[in-house]
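Enquirer: My structure is in coords24.cif, and what it holds is mmCIF, C-alpha atoms:
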```cif
data_entry
loop_
_atom_site.group_PDB
_atom_site.id
_atom_site.type_symbol
_atom_site.label_atom_id
_atom_site.label_comp_id
_atom_site.auth_asym_id
_atom_site.auth_seq_id
_atom_site.Cartn_x
_atom_site.Cartn_y
_atom_site.Cartn_z
ATOM 1 C CA SER A 213 16.447 171.439 -56.004
ATOM 2 C CA LEU A 214 14.341 169.009 -54.013
ATOM 3 C CA GLU A 215 15.262 166.093 -56.280
ATOM 4 C CA LYS A 216 18.986 166.800 -55.755
ATOM 5 C CA LYS A 217 18.567 166.882 -51.960
ATOM 6 C CA LEU A 218 16.634 163.617 -52.127
ATOM 7 C CA GLU A 219 19.442 161.992 -54.102
ATOM 8 C CA GLU A 220 22.001 163.257 -51.546
ATOM 9 C CA ILE A 221 20.301 161.276 -48.773
ATOM 10 C CA GLY A 222 20.149 158.086 -50.830
ATOM 11 C CA GLY A 223 17.163 158.582 -53.110
ATOM 12 C CA ARG A 224 13.487 157.771 -52.763
ATOM 13 C CA GLU A 225 14.125 154.180 -51.694
ATOM 14 C CA GLU A 226 16.230 155.307 -48.735
ATOM 15 C CA TYR A 227 13.677 157.992 -47.866
ATOM 16 C CA GLN A 228 10.901 155.376 -47.823
ATOM 17 C CA ARG A 229 13.002 152.968 -45.746
ATOM 18 C CA ALA A 230 13.588 155.738 -43.191
ATOM 19 C CA SER A 231 9.875 156.579 -43.182
ATOM 20 C CA GLN A 232 8.971 152.931 -42.567
ATOM 21 C CA MET A 233 11.434 152.772 -39.693
ATOM 22 C CA ASN A 234 9.932 155.952 -38.231
ATOM 23 C CA THR A 235 6.411 154.477 -38.250
ATOM 24 C CA ALA A 236 7.757 151.458 -36.372
ATOM 25 C CA LEU A 237 8.762 153.895 -33.603
ATOM 26 C CA PHE A 238 5.666 156.108 -33.793
ATOM 27 C CA SER A 239 2.522 154.502 -35.129
ATOM 28 C CA THR A 240 0.602 157.173 -37.003
ATOM 29 C CA SER A 241 -2.244 154.721 -37.625
ATOM 30 C CA LYS A 242 -2.564 154.150 -33.873
ATOM 31 C CA TRP A 243 -2.772 157.924 -33.448
ATOM 32 C CA VAL A 244 -5.455 158.224 -36.170
ATOM 33 C CA LEU A 245 -7.508 155.388 -34.631
ATOM 34 C CA GLY A 246 -7.145 157.026 -31.205
ATOM 35 C CA ILE A 247 -8.529 160.330 -32.501
ATOM 36 C CA LEU A 248 -11.396 158.603 -34.319
ATOM 37 C CA GLY A 249 -12.160 156.613 -31.166
ATOM 38 C CA ARG A 250 -12.156 159.739 -29.001
ATOM 39 C CA TRP A 251 -14.650 161.322 -31.378
ATOM 40 C CA GLY A 252 -16.794 158.171 -31.317
ATOM 41 C CA TRP A 253 -16.371 157.619 -35.057
ATOM 42 C CA LEU A 254 -14.966 154.056 -35.075
ATOM 43 C CA ASP A 255 -18.523 152.710 -34.980
ATOM 44 C CA GLY A 256 -19.525 154.872 -37.949
ATOM 45 C CA LEU A 257 -21.324 158.173 -38.390
ATOM 46 C CA ILE A 258 -25.005 158.583 -37.652
ATOM 47 C CA VAL A 259 -26.882 159.453 -40.845
ATOM 48 C CA ASP A 260 -30.440 159.701 -39.482
ATOM 49 C CA SER A 261 -30.745 163.483 -39.492
ATOM 50 C CA PRO A 262 -28.809 166.435 -40.903
ATOM 51 C CA ASN A 263 -28.860 167.945 -37.381
ATOM 52 C CA ASP A 264 -27.059 164.970 -35.836
ATOM 53 C CA SER A 265 -23.460 165.811 -35.053
ATOM 54 C CA PRO A 266 -20.921 163.062 -35.764
ATOM 55 C CA HIS A 267 -18.974 164.183 -32.659
ATOM 56 C CA LYS A 268 -20.438 161.782 -30.072
ATOM 57 C CA ASN A 269 -17.625 161.734 -27.513
ATOM 58 C CA THR A 270 -16.202 165.188 -27.053
ATOM 59 C CA ASN A 271 -13.559 166.325 -24.611
ATOM 60 C CA ALA A 272 -12.204 169.731 -23.650
ATOM 61 C CA ASP A 273 -8.934 169.670 -25.607
ATOM 62 C CA SER A 274 -10.638 168.783 -28.886
ATOM 63 C CA TYR A 275 -12.793 171.930 -28.798
ATOM 64 C CA ASP A 276 -9.800 174.168 -29.491
ATOM 65 C CA ALA A 277 -9.150 172.780 -32.963
ATOM 66 C CA TYR A 278 -12.840 172.331 -33.817
ATOM 67 C CA PRO A 279 -14.861 175.350 -32.605
ATOM 68 C CA GLU A 280 -17.988 174.154 -34.427
ATOM 69 C CA ARG A 281 -18.169 171.321 -31.904
ATOM 70 C CA LYS A 282 -19.108 173.736 -29.089
ATOM 71 C CA GLN A 283 -22.274 174.847 -30.829
ATOM 72 C CA ASN A 284 -23.129 171.284 -31.855
ATOM 73 C CA ASP A 285 -22.609 169.870 -28.351
ATOM 74 C CA ASN A 286 -26.118 170.765 -27.129
ATOM 75 C CA GLN A 287 -27.664 169.439 -30.347
ATOM 76 C CA GLN A 288 -25.691 166.202 -29.950
ATOM 77 C CA THR A 289 -26.911 165.693 -26.368
ATOM 78 C CA GLN A 290 -30.512 166.116 -27.489
ATOM 79 C CA SER A 291 -29.874 163.947 -30.549
ATOM 80 C CA THR A 292 -28.216 161.204 -28.465
ATOM 81 C CA ASN A 293 -31.240 161.097 -26.155
ATOM 82 C CA ARG A 294 -33.533 160.668 -29.183
ATOM 83 C CA THR A 295 -31.375 158.000 -30.831
ATOM 84 C CA LYS A 296 -31.221 155.849 -27.684
ATOM 85 C CA LYS A 297 -34.908 155.097 -28.215
ATOM 86 C CA ARG A 298 -34.369 153.762 -31.745
ATOM 87 C CA LYS A 299 -31.490 152.147 -33.561
ATOM 88 C CA SER A 300 -29.530 154.706 -35.573
ATOM 89 C CA ARG A 301 -28.418 154.150 -39.144
ATOM 90 C CA LYS A 302 -24.698 154.629 -39.518
ATOM 91 C CA ARG A 303 -22.292 154.858 -42.403
ATOM 92 C CA ASP A 304 -18.627 153.949 -42.571
ATOM 93 C CA ILE A 305 -15.920 156.530 -42.011
ATOM 94 C CA ARG A 306 -14.104 157.093 -45.301
ATOM 95 C CA LEU A 307 -10.363 157.750 -45.004
ATOM 96 C CA LEU A 308 -7.935 158.700 -47.750
ATOM 97 C CA GLU A 309 -4.413 157.923 -46.576
ATOM 98 C CA ILE A 310 -1.973 159.967 -48.645
ATOM 99 C CA GLY A 311 1.681 158.957 -48.674
ATOM 100 C CA ALA A 312 0.927 155.550 -47.150
ATOM 101 C CA ILE A 313 4.091 153.650 -46.289
ATOM 102 C CA ASN A 314 2.465 150.734 -44.473
ATOM 103 C CA THR A 315 -0.875 148.937 -44.392
ATOM 104 C CA GLN A 316 -1.769 149.496 -40.731
ATOM 105 C CA LEU A 317 -4.930 151.530 -41.437
ATOM 106 C CA LEU A 318 -5.965 149.070 -44.155
ATOM 107 C CA ASP A 319 -5.464 146.233 -41.652
ATOM 108 C CA ALA A 320 -7.545 148.053 -39.021
ATOM 109 C CA ALA A 321 -10.372 148.502 -41.540
ATOM 110 C CA ALA A 322 -10.293 144.786 -42.425
ATOM 111 C CA ARG A 323 -10.191 143.508 -38.825
ATOM 112 C CA ILE A 324 -13.186 141.330 -37.902
ATOM 113 C CA ARG A 325 -14.526 139.768 -34.718
ATOM 114 C CA THR A 326 -16.943 136.957 -34.031
ATOM 115 C CA ARG A 327 -19.493 136.811 -31.258
ATOM 116 C CA GLU A 328 -22.269 134.485 -30.235
ATOM 117 C CA GLU A 329 -25.804 135.828 -30.211
ATOM 118 C CA GLU A 330 -28.666 133.984 -28.535
ATOM 119 C CA THR A 331 -32.250 134.461 -29.683
ATOM 120 C CA ASP A 332 -35.285 132.354 -28.818
ATOM 121 C CA GLY A 333 -33.212 129.584 -27.244
ATOM 122 C CA SER A 334 -30.882 129.158 -30.217
ATOM 123 C CA SER A 335 -27.512 130.719 -30.783
ATOM 124 C CA LYS A 336 -25.719 131.823 -33.886
ATOM 125 C CA ILE A 337 -22.231 133.092 -34.585
ATOM 126 C CA ILE A 338 -22.073 136.682 -35.834
ATOM 127 C CA THR A 339 -19.019 137.931 -37.734
ATOM 128 C CA GLU A 340 -18.639 141.695 -37.906
ATOM 129 C CA ARG A 341 -16.023 144.316 -38.608
ATOM 130 C CA VAL A 342 -14.321 145.803 -35.554
ATOM 131 C CA HIS A 343 -14.320 149.342 -37.006
ATOM 132 C CA ARG A 344 -16.640 151.002 -39.526
ATOM 133 C CA LEU A 345 -13.795 152.213 -41.769
ATOM 134 C CA GLN A 346 -13.281 152.389 -45.514
ATOM 135 C CA VAL A 347 -9.615 153.152 -46.148
ATOM 136 C CA HIS A 348 -8.087 154.019 -49.507
ATOM 137 C CA SER A 349 -4.286 154.247 -49.259
ATOM 138 C CA ILE A 350 -2.169 155.896 -51.947
ATOM 139 C CA ASP A 351 1.505 156.704 -52.421
ATOM 140 C CA ILE A 352 3.412 158.193 -55.329
ATOM 141 C CA ARG A 353 5.861 155.250 -55.197
ATOM 142 C CA SER A 354 3.985 152.398 -53.565
ATOM 143 C CA THR A 355 5.981 149.472 -52.193
ATOM 144 C CA ASN A 356 2.917 147.375 -51.334
ATOM 145 C CA PRO A 357 0.260 146.003 -53.710
ATOM 146 C CA ARG A 358 -2.514 147.058 -51.268
ATOM 147 C CA ILE A 359 -1.375 150.688 -51.521
ATOM 148 C CA HIS A 360 -2.385 152.233 -54.838
ATOM 149 C CA GLN A 361 0.451 153.920 -56.676
ATOM 150 C CA MET A 362 -0.760 157.366 -57.693
ATOM 151 C CA ASP A 363 -0.051 161.025 -57.214
ATOM 152 C CA PHE A 364 -2.566 162.794 -54.979
ATOM 153 C CA PHE A 365 -2.561 165.767 -57.342
ATOM 154 C CA ASP A 366 -3.749 163.499 -60.169
ATOM 155 C CA LEU A 367 -6.968 162.556 -58.334
#
```
Show me this structure written as structure tokens.
Expert:
Amino acid sequence: SLEKKLEEIGGREEYQRASQMNTALFSTSKWVLGILGRWGWLDGLIVDSPNDSPHKNTNADSYDAYPERKQNDNQQTQSTNRTKKRKSRKRDIRLLEIGAINTQLLDAAARIRTREEETDGSSKIITERVHRLQVHSIDIRSTNPRIHQMDFFDL
């Protein structure tokens, strides 16, 4: 059985330790953020019109896995031209991280930056989030209080 095989390798604790070590060598959160950045989603999704495609920045290799992007590409170009004239409303990207073994995506969602903005001869400091992300991380046996302990199949 699966439980017996898990016990043979040292149990769940050893499995999680090995998983944490693996993410130190290959950052899955960096990969996820890279994909979201390539799609132009780190700044949020445009919610102005049902015809607006969320795929702002497309490239050739992403078309293979997402054929609907080809047909939306022309709509997006037209939509982008329209939205340059007015400020678009955007919503956060909502991510459910299943089997979370670290808080890297949670940390990315919480990251903030400050900038100075000058208007009418005065300046003010603006604090804003770096990425428009809402991350909910879950694991069946959480080892971190920021990762909710729950079974995905119980959602």
Enquirer: So which residues fall inside 6 Å of (-20.1, 134.4, -34.5) if we count only C-alpha atoms? Mind giving them as a list in words?
Expert: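 All residues meeting the 6 Å criterion around (-20.1, 134.4, -34.5) are Thr326, Arg327, Glu328, Ile337, Ile338 and Thr339 of chain A.
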Enquirer: Can I get the selected residues back with C-alpha atoms, as a PDB file, in the coordinates of the input?
Expert:
```pdb
ATOM      1  CA  THR A 326     -16.943 136.957 -34.031  1.00  0.00           C
ATOM      2  CA  ARG A 327     -19.493 136.811 -31.258  1.00  0.00           C
ATOM      3  CA  GLU A 328     -22.269 134.485 -30.235  1.00  0.00           C
ATOM      4  CA  ILE A 337     -22.231 133.092 -34.585  1.00  0.00           C
ATOM      5  CA  ILE A 338     -22.073 136.682 -35.834  1.00  0.00           C
ATOM      6  CA  THR A 339     -19.019 137.931 -37.734  1.00  0.00           C
TER       7      THR A 339
END
```
Enquirer: With a distance cut-off of 12 Å and only C-alpha atoms, select the neighbouring residues of Ser231 in chain A, excluding the residue or stretch itself and same-chain residues fewer than 6 positions from it, and output the selection as a ChimeraX atom specification.
Expert: /A:224-225,237-240,311-314
Enquirer: Quick one, how far is CA of Leu308 in chain A from CA of Phe364 in chain A?
Expert: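 Result for CA of Leu308 in chain A versus CA of Phe364 in chain A: 9.9 Å, one decimal.
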Enquirer: Find the residues near Ser241 in chain A: any atom within 10 Å, counting only C-alpha atoms, skip ones fewer than 2 places away on the same chain, and give them as a list of chain:residue names.
Expert: A:Thr235, A:Phe238, A:Ser239, A:Trp243, A:Val244, A:Leu245, A:Gly246, A:Ile247, A:Glu309, A:Asn314, A:Thr315, A:Gln316, A:Leu317, A:Leu318, A:Asp319, A:Ala320
Enquirer: Residues of the last selection are to be written out with C-alpha atoms, as a short mmCIF file (atom, residue, chain, number, x, y, z; two decimals), in the coordinates of the input.
Expert:
```cif
data_model
loop_
_atom_site.label_atom_id
_atom_site.label_comp_id
_atom_site.auth_asym_id
_atom_site.auth_seq_id
_atom_site.Cartn_x
_atom_site.Cartn_y
_atom_site.Cartn_z
CA THR A 235 6.41 154.48 -38.25
CA PHE A 238 5.67 156.11 -33.79
CA SER A 239 2.52 154.50 -35.13
CA TRP A 243 -2.77 157.92 -33.45
CA VAL A 244 -5.46 158.22 -36.17
CA LEU A 245 -7.51 155.39 -34.63
CA GLY A 246 -7.14 157.03 -31.20
CA ILE A 247 -8.53 160.33 -32.50
CA GLU A 309 -4.41 157.92 -46.58
CA ASN A 314 2.46 150.73 -44.47
CA THR A 315 -0.88 148.94 -44.39
CA GLN A 316 -1.77 149.50 -40.73
CA LEU A 317 -4.93 151.53 -41.44
CA LEU A 318 -5.96 149.07 -44.16
CA ASP A 319 -5.46 146.23 -41.65
CA ALA A 320 -7.54 148.05 -39.02
#
```
Enquirer: Running the PyMOL selection byres ((chain A and resi 348) around 7) on this model by hand, what would come out? Give it as a PyMOL selection string.
Expert: chain A and resi 307-309+346-347+349-350
Enquirer: Can you tell me how far CA of Leu257 in chain A sits from CA of Glu329 in chain A, in Å to one decimal?
Expert: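 Those two atoms sit 24.2 Å apart.
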Enquirer: Measure the distance from CA of Gly249 in chain A to CA of Ile324 in chain A in Å and round it to one decimal.
Expert: 16.7 Å
Enquirer: Compare A:Ile310, A:Ala322, A:Ile305, A:Met362 by their minimum atom-to-atom distance to Trp251 in chain A, counting only C-alpha atoms, and give me the closest one.
Expert: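 Among the listed residues, A:Ile305 lies closest to Trp251 in chain A.
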